[in-house]
Amino acid sequence: MRDSESEWSVLMRAAIGGDGRAYARLLTEITPVLRGIVRSRGRALSPDRHEDIVQDVLLAIHEKRHTWRPDSPLKPWLYAVTRHKVVDAFRRRGASVHLPIEDFTDFLESEPGPDPLARRDTDRLLAGIDDRSAAIVRAVAIDGEETGAVGARLSMTEGAVRVALHRAMKKLARLGAGNGGDGPGRGRDE
Amino acid sequence: MRTEDLISRLVAEPPRPPLRALAMALAMLVALALPLGWFLGSMGMRPDLEAALLAPVTAAKSLLPFVLSATSFALALHLARPEARVGRRLVPAALVALAALGLWLGFWMQTPTQALGAAIRGSTQVKCLTTITLMSLPPLAVGLLMLRRGASSAPALSGAVLGLACGGMAAAGYALHCTEDNPLFYVTWYGTAILAAGGIGALLGWRLLRW
């Protein structure tokens, strides 16, 4: 096993002395360890939250690195910072579970559907499906409108909106997973 | 944001200088000197100050809170590191508290029962309580703001310890004016005021020292 303690201490000393490369190496080497800690402790949280917490910890290490004394070992300091931020993150995120149900449904609706719906790619992807489906996806999945309200506006039943939404999402997921750029591109060149 | 991007962004930022004990102590002393100087200037020192400081029990009125203040300050700085444990570092401050308590008990046993109430109450306890507590607030504010650069794993405890340091120093200064030399009085009321400063420090620390 490598002696990461002395190695990391050397890197951190160099980092505090202004060596950006040593600092980058240190943070890069620490990150998988942090991920392991967060993952092992964070079974109660969905995995996509884990990386947020890892980044919170990295930020804290960065902002508080001057509180480490170069003549003392680095790992206890590092672990203390990590523990503090992880406990804090879990407490904050854990508490949100106890919110009233209305807030919780808001949270669910604002969560993006399949991965391809990242804002940047949305318009490109939506151009790949028919206009009516695109309007439904925009209204429900992005703007968070109720399916009933959307149905009333488009003179469809709520059930029909849901079915159309479901099909559109599946199609979008396919477009996003494949090379969506080569898709039919309806309306892009007009 | 991707974690790799975060790291390359962080690397570009220069490190901050560490917290300096001396700078923090000086800043807090200046913040105390203003209200204390104003108070002693307008209310006056006790006329028999030199003689009073030569009598051990009277000198203890300044000395005990001063030592408590110094040890608490050192502890507050220690706790500013995230990996710090309280443990044995609490011993010096606890010894001061024990000494004060012993002094109080000794005089309690010597005093006739019917005189106890009057001895504990004294005649200036309201002035004593409010002055010491109020004077401890400016250095507490300055100290807490500087301690925000630290990274305490126990923000409320850090604030409380810093509050004790400020209350102790304010009490040591107030003792130069106060002529109530019975430990039954001063341990009770100075102690209460110092604990009040500690309580305020705990509340503020809990809010301000989180990170």
# chains A, B, ... in the order shown; residues from 1 in each chain; ligands from 1
$ closest_atom_pairs --of "chain A" --to "chain B" --cutoff "9 Å" --atoms "only C-alpha atoms" --output "tab-separated table"
residue	atom	partner	partner_atom	distance
A:Ala15	CA	B:Pro15	CA	8.1
A:Ile16	CA	B:Pro15	CA	6.0
A:Gly17	CA	B:Pro15	CA	8.1
A:Gly18	CA	B:Pro14	CA	6.8
A:Asp19	CA	B:Val11	CA	8.8
A:Gly20	CA	B:Val11	CA	5.5
A:Arg21	CA	B:Val11	CA	7.8
A:Tyr23	CA	B:Val11	CA	6.3
A:Ala24	CA	B:Val11	CA	5.9
A:Leu27	CA	B:Ile7	CA	6.7
A:Thr28	CA	B:Ile7	CA	7.4
A:Thr31	CA	B:Thr3	CA	8.4
A:Glu51	CA	B:Thr3	CA	7.7
A:Asp52	CA	B:Thr3	CA	8.8
A:Val54	CA	B:Thr3	CA	8.2
A:Gln55	CA	B:Thr3	CA	6.4
A:Leu58	CA	B:Ile7	CA	7.9
A:Leu59	CA	B:Leu10	CA	7.7
A:Ala60	CA	B:Trp211	CA	7.8
A:His62	CA	B:Leu10	CA	6.9
A:Glu63	CA	B:Arg16	CA	8.2
A:Lys64	CA	B:Ala151	CA	6.5
A:Arg65	CA	B:Pro15	CA	7.6
A:His66	CA	B:Pro18	CA	4.9
A:Thr67	CA	B:Arg81	CA	5.8
A:Trp68	CA	B:Arg81	CA	7.1
A:Arg69	CA	B:Arg81	CA	8.7
A:Pro76	CA	B:Glu83	CA	6.1
A:Trp77	CA	B:Glu83	CA	5.1
A:Leu78	CA	B:Glu83	CA	8.2
A:Tyr79	CA	B:Glu83	CA	7.8
A:Ala80	CA	B:Glu83	CA	5.1
A:Val81	CA	B:Pro82	CA	6.1
A:His84	CA	B:Ser153	CA	6.4
A:Lys85	CA	B:Trp211	CA	8.2
$ residues_around --residues "Leu204 (chain B)" --least-positions-apart "3" --cutoff "9 Å" --atoms "only C-alpha atoms" --output "mmCIF file with N, CA and C atoms, in the first residue's frame"
data_model
loop_
_atom_site.group_PDB
_atom_site.id
_atom_site.type_symbol
_atom_site.label_atom_id
_atom_site.label_comp_id
_atom_site.auth_asym_id
_atom_site.auth_seq_id
_atom_site.Cartn_x
_atom_site.Cartn_y
_atom_site.Cartn_z
ATOM 1 N N ALA B 141 -17.838 39.992 19.025
ATOM 2 C CA ALA B 141 -18.198 40.168 17.612
ATOM 3 C C ALA B 141 -16.950 40.112 16.734
ATOM 4 N N LEU B 144 -15.525 36.510 16.673
ATOM 5 C CA LEU B 144 -16.330 35.571 15.877
ATOM 6 C C LEU B 144 -16.106 35.796 14.384
ATOM 7 N N PRO B 155 -19.347 24.410 15.975
ATOM 8 C CA PRO B 155 -19.481 25.870 15.948
ATOM 9 C C PRO B 155 -20.020 26.460 17.256
ATOM 10 N N ALA B 156 -21.016 25.829 17.860
ATOM 11 C CA ALA B 156 -21.591 26.379 19.085
ATOM 12 C C ALA B 156 -20.569 26.350 20.221
ATOM 13 N N GLY B 159 -18.008 29.060 19.695
ATOM 14 C CA GLY B 159 -18.567 30.361 20.062
ATOM 15 C C GLY B 159 -18.650 30.517 21.567
ATOM 16 N N ALA B 160 -19.051 29.445 22.258
ATOM 17 C CA ALA B 160 -19.170 29.512 23.715
ATOM 18 C C ALA B 160 -17.815 29.779 24.352
ATOM 19 N N GLY B 199 -22.863 31.965 26.797
ATOM 20 C CA GLY B 199 -24.126 31.558 26.172
ATOM 21 C C GLY B 199 -24.394 32.334 24.892
ATOM 22 N N ILE B 200 -24.155 33.655 24.948
ATOM 23 C CA ILE B 200 -24.337 34.470 23.738
ATOM 24 C C ILE B 200 -23.376 33.989 22.648
ATOM 25 N N GLY B 201 -22.153 33.703 23.074
ATOM 26 C CA GLY B 201 -21.157 33.205 22.122
ATOM 27 C C GLY B 201 -21.597 31.893 21.481
ATOM 28 N N ARG B 207 -24.633 30.121 14.701
ATOM 29 C CA ARG B 207 -25.071 30.728 13.437
ATOM 30 C C ARG B 207 -23.869 31.085 12.547
ATOM 31 N N LEU B 208 -22.867 31.727 13.160
ATOM 32 C CA LEU B 208 -21.822 32.375 12.352
ATOM 33 C C LEU B 208 -20.668 31.454 11.970
ATOM 34 N N LEU B 209 -20.422 30.428 12.761
ATOM 35 C CA LEU B 209 -19.217 29.628 12.515
ATOM 36 C C LEU B 209 -19.506 28.372 11.721
#
$ atom_distance --atom1 "CA of Gly148 (chain A)" --atom2 "CA of Val161 (chain A)"
8.0 Å
$ residues_around --residues "Ala168 (chain A)" --least-positions-apart "3" --cutoff "8 Å" --atoms "only C-alpha atoms" --output "list of chain:residue names"
A:Ile129, A:Ser133, A:Ala134, A:Val137, A:Ala164, A:Leu165, A:Lys171, A:Leu172
